[in-house]
file my_file_36.txt (compact mmCIF, C-alpha atoms and all ligand atoms)
# COMPACT_ATOMS: atom_id res chain seq x y z
CA MET A 1 14.75 -193.20 55.61
CA ASP A 2 15.88 -193.85 59.18
CA LYS A 3 13.92 -196.38 61.18
CA VAL A 4 11.96 -195.64 64.34
CA LEU A 5 10.94 -198.68 66.35
CA ILE A 6 7.86 -198.34 68.53
CA THR A 7 7.90 -201.29 70.87
CA GLY A 8 4.26 -201.36 71.94
CA PRO A 9 0.87 -199.79 71.36
CA LEU A 10 0.42 -196.08 72.01
CA ILE A 11 -2.84 -194.28 72.75
CA GLY A 12 -4.26 -192.06 70.01
CA ASP A 13 -2.82 -191.26 66.64
CA SER A 14 0.55 -189.76 67.55
CA VAL A 15 2.51 -192.28 65.47
CA SER A 16 1.09 -190.77 62.27
CA ARG A 17 3.29 -187.71 62.91
CA LEU A 18 6.35 -189.84 62.18
CA VAL A 19 5.45 -191.39 58.86
CA ASP A 20 6.64 -188.50 56.65
CA HIS A 21 10.06 -188.55 58.28
CA PHE A 22 10.83 -192.17 59.12
CA ARG A 23 10.38 -195.78 58.27
CA VAL A 24 8.20 -196.75 61.23
CA GLU A 25 8.14 -200.25 62.70
CA TYR A 26 5.20 -200.23 65.08
CA SER A 27 4.17 -203.06 67.39
CA ARG A 28 0.65 -201.71 67.53
CA ASN A 29 -1.12 -204.62 69.24
CA GLU A 30 1.16 -205.70 72.06
CA VAL A 31 4.44 -204.88 73.73
CA MET A 32 7.26 -206.74 71.96
CA ASN A 33 9.05 -209.45 73.86
CA GLN A 34 12.67 -208.84 74.77
CA ALA A 35 14.07 -211.16 72.08
CA ALA A 36 12.04 -209.59 69.27
CA PHE A 37 12.97 -206.16 70.59
CA SER A 38 16.72 -206.95 70.59
CA GLN A 39 16.53 -208.02 66.96
CA ALA A 40 14.35 -205.17 65.76
CA ALA A 41 16.52 -202.55 67.50
CA THR A 42 19.71 -203.34 65.56
CA ASP A 43 18.98 -201.00 62.63
CA ALA A 44 16.94 -198.40 64.53
CA TRP A 45 17.71 -194.68 64.55
CA GLY A 46 15.18 -194.12 67.32
CA ILE A 47 13.30 -196.34 69.76
CA VAL A 48 10.14 -195.69 71.73
CA THR A 49 10.51 -198.00 74.73
CA MET A 50 8.05 -199.45 77.19
CA THR A 51 8.90 -199.85 80.84
CA SER A 52 8.92 -203.67 80.65
CA LEU A 53 11.71 -203.77 78.05
CA SER A 54 15.32 -203.57 79.06
CA VAL A 55 17.66 -201.38 77.01
CA ASP A 56 20.99 -202.65 78.23
CA ARG A 57 24.57 -202.33 76.96
CA HIS A 58 24.12 -205.27 74.66
CA ILE A 59 21.19 -203.63 72.84
CA ILE A 60 22.96 -200.29 72.70
CA ASP A 61 26.15 -201.87 71.32
CA SER A 62 24.25 -203.81 68.70
CA SER A 63 22.34 -200.73 67.49
CA PRO A 64 25.14 -198.55 66.08
CA GLY A 65 22.83 -196.01 64.42
CA LEU A 66 20.76 -195.33 67.52
CA LYS A 67 20.29 -191.64 68.33
CA VAL A 68 17.29 -191.45 70.67
CA ILE A 69 15.60 -193.68 73.25
CA SER A 70 12.23 -192.20 74.08
CA ASN A 71 10.81 -193.95 77.14
CA LEU A 72 7.08 -194.10 77.79
CA GLY A 73 7.06 -193.43 81.52
CA VAL A 74 9.05 -191.48 84.03
CA GLY A 75 11.14 -194.27 85.59
CA CYS A 76 14.12 -195.14 83.38
CA ASP A 77 15.54 -198.02 85.42
CA ASN A 78 14.90 -200.23 82.37
CA ILE A 79 17.56 -198.29 80.44
CA ASP A 80 21.31 -198.10 80.95
CA VAL A 81 21.09 -194.32 80.76
CA SER A 82 24.73 -193.48 81.47
CA TYR A 83 25.97 -195.96 78.88
CA ALA A 84 23.52 -194.59 76.30
CA GLN A 85 24.73 -191.07 77.05
CA SER A 86 28.35 -192.14 76.71
CA LYS A 87 27.46 -193.20 73.16
CA GLY A 88 25.82 -189.85 72.40
CA ILE A 89 22.29 -191.26 72.50
CA VAL A 90 19.61 -188.92 73.88
CA VAL A 91 17.33 -190.56 76.48
CA THR A 92 13.97 -188.95 77.21
CA ASN A 93 10.99 -189.72 79.46
CA THR A 94 7.46 -188.47 80.13
CA PRO A 95 7.16 -186.87 83.58
CA ASP A 96 4.55 -184.28 84.69
CA VAL A 97 1.69 -185.54 82.52
CA LEU A 98 1.33 -188.68 84.65
CA SER A 99 1.77 -187.19 88.11
CA GLU A 100 -1.89 -186.66 88.95
CA SER A 101 -3.01 -190.05 87.61
CA THR A 102 -0.27 -191.89 89.47
CA ALA A 103 -0.92 -189.97 92.68
CA GLU A 104 -4.64 -190.74 92.39
CA MET A 105 -3.74 -194.43 92.06
CA GLY A 106 -1.66 -194.17 95.22
CA MET A 107 -4.56 -192.58 97.11
CA GLY A 108 -6.94 -195.17 95.65
CA LEU A 109 -4.78 -198.03 96.88
CA LEU A 110 -4.39 -196.36 100.24
CA LEU A 111 -8.15 -196.04 100.64
CA ALA A 112 -8.85 -199.51 99.24
CA THR A 113 -6.44 -201.14 101.67
CA ALA A 114 -7.24 -199.02 104.72
CA ARG A 115 -11.01 -199.42 104.20
CA ARG A 116 -10.84 -203.04 102.98
CA ILE A 117 -12.79 -202.21 99.83
CA ILE A 118 -11.50 -205.19 97.81
CA GLU A 119 -12.37 -207.62 100.62
CA GLY A 120 -15.84 -206.12 100.81
CA ASP A 121 -16.31 -206.41 97.05
CA ARG A 122 -15.34 -210.11 97.14
CA MET A 123 -17.56 -210.80 100.13
CA VAL A 124 -20.62 -209.43 98.38
CA LYS A 125 -19.85 -211.06 95.03
CA VAL A 126 -19.26 -214.57 96.41
CA GLY A 127 -22.41 -214.40 98.53
CA ASP A 128 -20.69 -214.22 101.93
CA PHE A 129 -22.46 -211.01 102.95
CA SER A 130 -25.17 -211.99 105.38
CA GLY A 131 -26.21 -208.55 106.60
CA TRP A 132 -24.86 -205.43 108.30
CA LYS A 133 -22.80 -206.00 111.45
CA VAL A 134 -21.17 -203.47 113.72
CA ASP A 135 -17.73 -205.09 113.40
CA LEU A 136 -17.86 -206.15 109.76
CA LEU A 137 -14.54 -205.48 107.95
CA LEU A 138 -13.42 -202.72 110.26
CA GLY A 139 -10.77 -200.62 108.63
CA SER A 140 -8.61 -197.70 109.55
CA GLU A 141 -9.59 -194.02 109.17
CA LEU A 142 -7.25 -191.72 107.23
CA ASN A 143 -8.31 -188.50 108.92
CA GLY A 144 -5.65 -187.19 111.29
CA LYS A 145 -3.23 -190.04 110.59
CA THR A 146 0.37 -189.69 109.49
CA LEU A 147 1.24 -190.33 105.88
CA GLY A 148 4.89 -190.88 104.99
CA ILE A 149 6.09 -190.37 101.43
CA LEU A 150 9.34 -191.91 100.28
CA GLY A 151 10.56 -189.97 97.25
CA CYS A 152 8.79 -186.65 97.09
CA GLY A 153 9.10 -185.60 93.47
CA ARG A 154 6.16 -184.55 91.35
CA ILE A 155 4.05 -187.64 92.14
CA GLY A 156 4.84 -187.55 95.86
CA GLN A 157 3.95 -183.86 96.01
CA SER A 158 0.60 -184.51 94.33
CA ILE A 159 -0.11 -187.21 96.91
CA ALA A 160 0.80 -184.78 99.69
CA ARG A 161 -1.67 -182.24 98.29
CA MET A 162 -4.43 -184.86 98.12
CA ALA A 163 -3.66 -186.13 101.63
CA GLY A 164 -4.25 -182.58 102.87
CA GLY A 165 -7.91 -183.08 101.95
CA PHE A 166 -8.05 -185.93 104.49
CA GLU A 167 -6.37 -183.73 107.10
CA MET A 168 -3.43 -186.13 107.33
CA GLN A 169 -0.03 -185.13 108.73
CA VAL A 170 2.38 -185.57 105.86
CA LEU A 171 6.06 -186.48 106.26
CA TYR A 172 8.52 -186.99 103.47
CA CYS A 173 11.97 -188.44 102.98
CA ASN A 174 13.77 -187.51 99.82
CA ARG A 175 17.29 -187.48 98.41
CA SER A 176 17.30 -183.70 98.60
CA ARG A 177 15.20 -181.42 100.74
CA LEU A 178 12.37 -179.56 98.99
CA PRO A 179 12.35 -175.76 98.92
CA ALA A 180 10.82 -174.21 102.04
CA LYS A 181 8.04 -172.68 99.92
CA VAL A 182 6.95 -176.15 98.69
CA GLU A 183 7.09 -177.61 102.20
CA ALA A 184 4.95 -174.75 103.50
CA ARG A 185 2.42 -174.93 100.65
CA LEU A 186 1.91 -178.68 101.07
CA HIS A 187 2.24 -178.72 104.88
CA LEU A 188 5.11 -181.17 104.52
CA SER A 189 7.61 -182.08 107.21
CA VAL A 190 10.97 -183.54 106.24
CA VAL A 191 12.25 -186.60 108.15
CA ASP A 192 15.08 -189.08 107.72
CA PHE A 193 14.37 -192.67 106.71
CA ASP A 194 14.22 -193.84 110.35
CA GLY A 195 11.70 -191.12 111.19
CA LEU A 196 9.60 -192.04 108.18
CA LEU A 197 9.47 -195.70 109.23
CA GLU A 198 8.78 -195.03 112.88
CA LYS A 199 6.09 -192.37 112.48
CA SER A 200 4.09 -193.35 109.38
CA ASP A 201 0.64 -194.91 109.71
CA PHE A 202 0.58 -195.13 105.93
CA LEU A 203 3.76 -195.13 103.89
CA VAL A 204 3.74 -194.56 100.14
CA ILE A 205 6.77 -195.41 98.01
CA THR A 206 7.15 -193.27 94.91
CA ALA A 207 10.96 -193.41 94.86
CA PRO A 208 12.76 -194.46 91.68
CA LEU A 209 14.70 -197.71 91.50
CA ASN A 210 18.46 -197.35 91.80
CA LYS A 211 21.33 -198.89 93.75
CA GLU A 212 20.29 -197.13 96.97
CA SER A 213 16.60 -198.01 96.78
CA HIS A 214 16.97 -201.63 95.61
CA HIS A 215 15.60 -203.86 98.44
CA LEU A 216 15.48 -200.86 100.76
CA PHE A 217 12.44 -202.50 102.34
CA ASP A 218 13.72 -205.75 103.84
CA LEU A 219 12.96 -207.52 107.10
CA LYS A 220 15.04 -205.06 109.13
CA THR A 221 13.08 -202.18 107.63
CA PHE A 222 9.71 -203.78 108.37
CA GLU A 223 10.81 -204.37 111.98
CA ARG A 224 11.15 -200.60 112.39
CA MET A 225 7.63 -199.80 111.10
CA LYS A 226 4.44 -199.58 113.16
CA ALA A 227 2.58 -202.88 113.44
CA SER A 228 -0.53 -200.97 112.34
CA ALA A 229 1.17 -199.49 109.27
CA ILE A 230 -0.03 -199.94 105.70
CA LEU A 231 2.58 -199.79 102.94
CA ILE A 232 1.75 -198.71 99.39
CA ASN A 233 4.20 -199.14 96.48
CA ILE A 234 3.51 -197.21 93.29
CA GLY A 235 7.22 -196.75 92.46
CA ARG A 236 9.17 -199.80 91.39
CA GLY A 237 8.75 -203.38 92.64
CA PRO A 238 12.37 -204.19 93.56
CA VAL A 239 12.41 -201.40 96.16
CA ILE A 240 10.70 -204.07 98.32
CA LYS A 241 12.34 -207.44 98.93
CA GLU A 242 9.23 -209.54 98.43
CA VAL A 243 10.32 -212.63 100.42
CA ASP A 244 10.92 -210.35 103.40
CA LEU A 245 7.59 -208.62 102.86
CA ILE A 246 5.85 -211.99 102.99
CA ALA A 247 7.69 -212.83 106.23
CA ALA A 248 6.73 -209.43 107.66
CA LEU A 249 3.06 -209.99 106.83
CA GLU A 250 3.13 -213.52 108.25
CA THR A 251 4.53 -212.26 111.55
CA ASN A 252 2.27 -209.17 111.66
CA LEU A 253 5.17 -206.72 111.50
CA ILE A 254 2.93 -204.49 109.39
CA ALA A 255 -0.86 -204.48 108.93
CA GLY A 256 -1.21 -204.45 105.16
CA VAL A 257 0.28 -203.64 101.81
CA ALA A 258 -0.84 -202.50 98.38
CA LEU A 259 1.46 -203.15 95.44
CA ASP A 260 0.95 -201.63 92.03
CA VAL A 261 4.42 -202.85 91.09
CA LEU A 262 6.01 -206.25 91.65
CA GLU A 263 9.58 -207.38 92.14
CA THR A 264 9.60 -209.63 89.05
CA PRO A 265 6.49 -208.75 87.04
CA PRO A 266 4.27 -210.27 85.87
CA SER A 267 4.95 -213.17 88.25
CA VAL A 268 3.58 -212.85 91.75
CA ALA A 269 4.19 -214.96 94.86
CA GLU A 270 1.30 -217.21 95.92
CA GLN A 271 1.72 -216.02 99.52
CA LEU A 272 0.83 -212.50 98.40
CA LYS A 273 -2.19 -213.60 96.40
CA GLU A 274 -3.59 -215.56 99.33
CA ARG A 275 -3.60 -212.75 101.89
CA THR A 276 -6.64 -210.55 102.40
CA ASN A 277 -4.49 -207.68 103.69
CA VAL A 278 -2.62 -207.49 100.36
CA THR A 279 -4.03 -205.47 97.47
CA LEU A 280 -2.44 -206.11 94.08
CA THR A 281 -2.84 -204.14 90.85
CA PRO A 282 -1.02 -204.62 87.52
CA HIS A 283 1.12 -201.47 87.27
CA LEU A 284 -1.79 -199.11 86.65
CA GLY A 285 -0.20 -195.96 88.12
CA SER A 286 -0.44 -193.81 85.00
CA ALA A 287 -3.19 -195.86 83.36
CA THR A 288 -5.75 -193.17 82.60
CA THR A 289 -6.79 -192.10 79.14
CA GLU A 290 -5.59 -188.59 79.94
CA ALA A 291 -2.11 -189.54 81.13
CA ARG A 292 -1.43 -192.29 78.63
CA SER A 293 -2.57 -190.12 75.70
CA ALA A 294 -0.29 -187.31 76.83
CA MET A 295 2.60 -189.77 77.33
CA SER A 296 2.01 -191.15 73.84
CA ASP A 297 2.26 -187.64 72.41
CA LEU A 298 5.41 -186.85 74.39
CA VAL A 299 7.35 -189.91 73.22
CA ILE A 300 6.72 -188.93 69.61
CA ASP A 301 7.53 -185.24 70.27
CA ALA A 302 10.91 -186.33 71.66
CA VAL A 303 11.78 -188.39 68.57
CA LEU A 304 10.83 -185.50 66.27
CA ASP A 305 12.72 -182.99 68.43
CA VAL A 306 15.96 -184.95 68.19
CA HIS A 307 15.47 -185.48 64.46
CA GLN A 308 14.90 -181.78 63.86
CA GLY A 309 17.82 -180.67 66.02
CA ARG A 310 15.82 -179.41 69.00
CA VAL A 311 16.44 -180.35 72.62
CA PRO A 312 13.45 -182.42 73.80
CA ASN A 313 11.50 -181.13 76.82
CA TYR A 314 12.39 -184.09 79.03
CA VAL A 315 15.95 -185.32 78.63
CA VAL A 316 17.04 -187.81 81.30
CA GLY A 317 20.35 -187.42 83.13
C1 LIG B 1 6.43 -194.66 85.08
O1 LIG B 1 6.19 -193.63 84.51
O2 LIG B 1 7.55 -194.94 85.49
C2 LIG B 1 5.29 -195.58 85.25
O3 LIG B 1 5.52 -196.49 86.27
C3 LIG B 1 5.00 -196.29 83.96
O4 LIG B 1 6.06 -197.10 83.69

call {"tool": "encode", "arguments": {"input": "my_file_36.txt", "output": "structure tokens", "more": "lines below"}}
Ligand code: DGY
result
Amino acid sequence: MDKVLITGPLIGDSVSRLVDHFRVEYSRNEVMNQAAFSQAATDAWGIVTMTSLSVDRHIIDSSPGLKVISNLGVGCDNIDVSYAQSKGIVVTNTPDVLSESTAEMGMGLLLATARRIIEGDRMVKVGDFSGWKVDLLLGSELNGKTLGILGCGRIGQSIARMAGGFEMQVLYCNRSRLPAKVEARLHLSVVDFDGLLEKSDFLVITAPLNKESHHLFDLKTFERMKASAILINIGRGPVIKEVDLIAALETNLIAGVALDVLETPPSVAEQLKERTNVTLTPHLGSATTEARSAMSDLVIDAVLDVHQGRVPNYVVG
């Protein structure tokens, strides 16, 4: 039987659907490290990949029988997709099912940072709360403010819909303009990157990582943002050049930041940990039982689809 390698734990029982068709190697307790993954991939027919593992040319070249790479997540920057395709390997991902969860995380980070919820939590827990005060941890109201969305795909559009509930003005900047019907439904206004930087009170990054977005947020970018702006990144860490972000925070170029994704995870700069206007979470965007269960089903569906000669629902590229 052909081998399917599952590189980390999935939610639910979806793996059982493979056992009649494949020899399954399942890392059910933790995500494999890169070295173990490289070795285990060499005789695989299919691989279910986690976002933290890189599927580069070397892995593809040393896995001659590989037919499908089924990625748990929507972002496929961890995979050399065009090279895989050139070798006839199908690459799939799991969009749609995670949009609401990831958008909710974005809104949660926005609220937590704007309303200083994490600082308040710490203050109470360490015993620094000495009673109500009129100016205690003053934050920034969302209502009526301008929210900018960089990358307005499914997740960005869900954020726009949610922001409507706070009566925010919503701007977006995207590689291609959305259909007029979508703009009208979500009360979205299109702007260029300069407009997004200059006008946003809150700016959420949902853009994928690619050559154009890598280090898009550097010192020059921060200089063009409002000093009162709060930046939220739920896309990919390397879209922000972290040393420049630290410099921008130190010189008050922006007011705060929330990062669900880091430039070189899991390591994080001390200067970010120390700052009260920085909120950090460990890549929890799609981390709900609902989304992760659905993603776990989709990665298995894709493997079975390719095996049984069907085109999977979500082929990348
Ligand atoms: C995604 O889908 O890309 C999420 O960030 C999980 O990796």

call {"tool": "residues_near_ligand", "arguments": {"input": "my_file_36.txt", "ligand": "ligand LIG 1 (chain B)", "cutoff": "10 Å", "atoms": "all atoms listed in the file", "output": "number ranges by chain"}}
result
A: 50-52, 71-78, 93-99, 102, 155, 206, 208-209, 234-237, 260-261, 283-287, 291-292, 295

call {"tool": "closest_residue", "arguments": {"input": "my_file_36.txt", "among": "A:Arg310, A:Lys220, A:Lys226, A:Lys273", "to": "A:Asp201", "atoms": "only C-alpha atoms"}}
result
A:Lys226

call {"tool": "closest_residue", "arguments": {"input": "my_file_36.txt", "among": "A:Cys152, A:Leu142, A:Ala207, A:Ile117", "to": "A:Val182", "atoms": "only C-alpha atoms"}}
result
A:Cys152

call {"tool": "residues_around", "arguments": {"input": "my_file_36.txt", "residues": "A:Ser63", "least_positions_apart": "3", "cutoff": "9 Å", "atoms": "only C-alpha atoms", "output": "list of chain:residue names"}}
result
A:Ser38, A:Ala41, A:Thr42, A:Asp43, A:Ala44, A:Trp45, A:His58, A:Ile59, A:Ile60, A:Leu66

call {"tool": "atom_distance", "arguments": {"input": "my_file_36.txt", "atom1": "atom CA of A:Met1", "atom2": "atom CA of A:Gly317"}}
result
28.7 Å

call {"tool": "atom_distance", "arguments": {"input": "my_file_36.txt", "atom1": "atom CA of A:Ala227", "atom2": "atom CA of A:Ala255"}}
result
5.9 Å

call {"tool": "atom_distance", "arguments": {"input": "my_file_36.txt", "atom1": "atom CA of A:Thr221", "atom2": "atom CA of A:Ala103"}}
result
23.8 Å

call {"tool": "residues_around", "arguments": {"input": "my_file_36.txt", "residues": "A:Arg161", "least_positions_apart": "3", "cutoff": "9 Å", "atoms": "all atoms listed in the file", "output": "PyMOL selection string"}}
result
chain A and resi 156-158+164-165+185-187

call {"tool": "write_last_selection", "arguments": {"input": "my_file_36.txt", "atoms": "C-alpha atoms", "output": "short mmCIF file (atom, residue, chain, number, x, y, z; two decimals), in the frame of the given file"}}
result
data_model
loop_
_atom_site.label_atom_id
_atom_site.label_comp_id
_atom_site.auth_asym_id
_atom_site.auth_seq_id
_atom_site.Cartn_x
_atom_site.Cartn_y
_atom_site.Cartn_z
CA GLY A 156 4.84 -187.55 95.86
CA GLN A 157 3.95 -183.86 96.01
CA SER A 158 0.60 -184.51 94.33
CA GLY A 164 -4.25 -182.58 102.87
CA GLY A 165 -7.91 -183.08 101.95
CA ARG A 185 2.42 -174.93 100.65
CA LEU A 186 1.91 -178.68 101.07
CA HIS A 187 2.24 -178.72 104.88
#

call {"tool": "residues_around", "arguments": {"input": "my_file_36.txt", "residues": "A:Asp305", "least_positions_apart": "4", "cutoff": "12 Å", "atoms": "only C-alpha atoms", "output": "CSV table (one decimal) with C-alpha atoms, keeping the file's coordinate frame"}}
result
chain,number,residue,atom,x,y,z
A,17,ARG,CA,3.3,-187.7,62.9
A,18,LEU,CA,6.4,-189.8,62.2
A,21,HIS,CA,10.1,-188.6,58.3
A,46,GLY,CA,15.2,-194.1,67.3
A,67,LYS,CA,20.3,-191.6,68.3
A,68,VAL,CA,17.3,-191.4,70.7
A,70,SER,CA,12.2,-192.2,74.1
A,90,VAL,CA,19.6,-188.9,73.9
A,91,VAL,CA,17.3,-190.6,76.5
A,92,THR,CA,14.0,-189.0,77.2
A,298,LEU,CA,5.4,-186.8,74.4
A,299,VAL,CA,7.4,-189.9,73.2
A,300,ILE,CA,6.7,-188.9,69.6
A,301,ASP,CA,7.5,-185.2,70.3
A,309,GLY,CA,17.8,-180.7,66.0
A,310,ARG,CA,15.8,-179.4,69.0
A,311,VAL,CA,16.4,-180.4,72.6
A,312,PRO,CA,13.4,-182.4,73.8
A,313,ASN,CA,11.5,-181.1,76.8
A,314,TYR,CA,12.4,-184.1,79.0
A,315,VAL,CA,16.0,-185.3,78.6

call {"tool": "residues_around", "arguments": {"input": "my_file_36.txt", "residues": "stretch 147-150 of chain A", "least_positions_apart": "6", "cutoff": "9 Å", "atoms": "all atoms listed in the file", "output": "list in words"}}
result
Gly156, Gln157, Ile159, Ala160, Ala163, Met168, Gln169, Val170, Leu171, Tyr172, Cys173, Asn174, Phe193, Leu196, Leu197, Lys199, Ser200, Asp201, Phe202, Leu203, Val204, Ile205, Thr206 and Ala207 of chain A

call {"tool": "closest_residue", "arguments": {"input": "my_file_36.txt", "among": "A:Leu138, A:Ile246, A:Val239, A:Leu219", "to": "A:Val278", "atoms": "all atoms listed in the file"}}
result
A:Ile246

call {"tool": "residues_around", "arguments": {"input": "my_file_36.txt", "residues": "stretch 122-127 of chain A", "least_positions_apart": "6", "cutoff": "12 Å", "atoms": "only C-alpha atoms", "output": "PyMOL selection string"}}
result
chain A and resi 116+136-137+276

call {"tool": "write_last_selection", "arguments": {"input": "my_file_36.txt", "atoms": "C-alpha atoms", "output": "mmCIF file, in the coordinates of the input"}}
result
data_model
loop_
_atom_site.group_PDB
_atom_site.id
_atom_site.type_symbol
_atom_site.label_atom_id
_atom_site.label_comp_id
_atom_site.auth_asym_id
_atom_site.auth_seq_id
_atom_site.Cartn_x
_atom_site.Cartn_y
_atom_site.Cartn_z
ATOM 1 C CA ARG A 116 -10.840 -203.040 102.980
ATOM 2 C CA LEU A 136 -17.860 -206.150 109.760
ATOM 3 C CA LEU A 137 -14.540 -205.480 107.950
ATOM 4 C CA THR A 276 -6.640 -210.550 102.400
#

call {"tool": "closest_residue", "arguments": {"input": "my_file_36.txt", "among": "A:Asp135, A:Glu242, A:Asp192, A:Glu263", "to": "A:Arg175", "atoms": "all atoms listed in the file"}}
result
A:Asp192

call {"tool": "build_atoms", "arguments": {"input": "my_file_36.txt", "residues": "stretch 99-113 of chain A", "atoms": "N, CA and C atoms", "output": "short mmCIF file (atom, residue, chain, number, x, y, z; two decimals), in the coordinates of the input"}}
result
data_model
loop_
_atom_site.label_atom_id
_atom_site.label_comp_id
_atom_site.auth_asym_id
_atom_site.auth_seq_id
_atom_site.Cartn_x
_atom_site.Cartn_y
_atom_site.Cartn_z
N SER A 99 1.67 -187.35 86.65
CA SER A 99 1.77 -187.19 88.11
C SER A 99 0.42 -187.33 88.80
N GLU A 100 -0.59 -186.63 88.27
CA GLU A 100 -1.89 -186.66 88.95
C GLU A 100 -2.50 -188.06 88.90
N SER A 101 -2.43 -188.69 87.73
CA SER A 101 -3.01 -190.05 87.61
C SER A 101 -2.33 -191.01 88.56
N THR A 102 -1.01 -190.94 88.63
CA THR A 102 -0.27 -191.89 89.47
C THR A 102 -0.53 -191.60 90.95
N ALA A 103 -0.61 -190.32 91.29
CA ALA A 103 -0.92 -189.97 92.68
C ALA A 103 -2.33 -190.43 93.05
N GLU A 104 -3.27 -190.28 92.13
CA GLU A 104 -4.64 -190.74 92.39
C GLU A 104 -4.65 -192.25 92.64
N MET A 105 -3.83 -192.97 91.87
CA MET A 105 -3.74 -194.43 92.06
C MET A 105 -3.21 -194.74 93.47
N GLY A 106 -2.21 -193.98 93.88
CA GLY A 106 -1.66 -194.17 95.22
C GLY A 106 -2.73 -193.94 96.28
N MET A 107 -3.49 -192.86 96.13
CA MET A 107 -4.56 -192.58 97.11
C MET A 107 -5.64 -193.65 97.04
N GLY A 108 -5.93 -194.12 95.82
CA GLY A 108 -6.94 -195.17 95.65
C GLY A 108 -6.53 -196.45 96.37
N LEU A 109 -5.27 -196.82 96.22
CA LEU A 109 -4.78 -198.03 96.88
C LEU A 109 -4.76 -197.86 98.40
N LEU A 110 -4.41 -196.65 98.81
CA LEU A 110 -4.39 -196.36 100.24
C LEU A 110 -5.80 -196.54 100.83
N LEU A 111 -6.77 -195.93 100.17
CA LEU A 111 -8.15 -196.04 100.64
C LEU A 111 -8.66 -197.48 100.56
N ALA A 112 -8.35 -198.13 99.43
CA ALA A 112 -8.85 -199.51 99.24
C ALA A 112 -8.32 -200.43 100.32
N THR A 113 -7.06 -200.24 100.69
CA THR A 113 -6.44 -201.14 101.67
C THR A 113 -6.88 -200.75 103.09
#
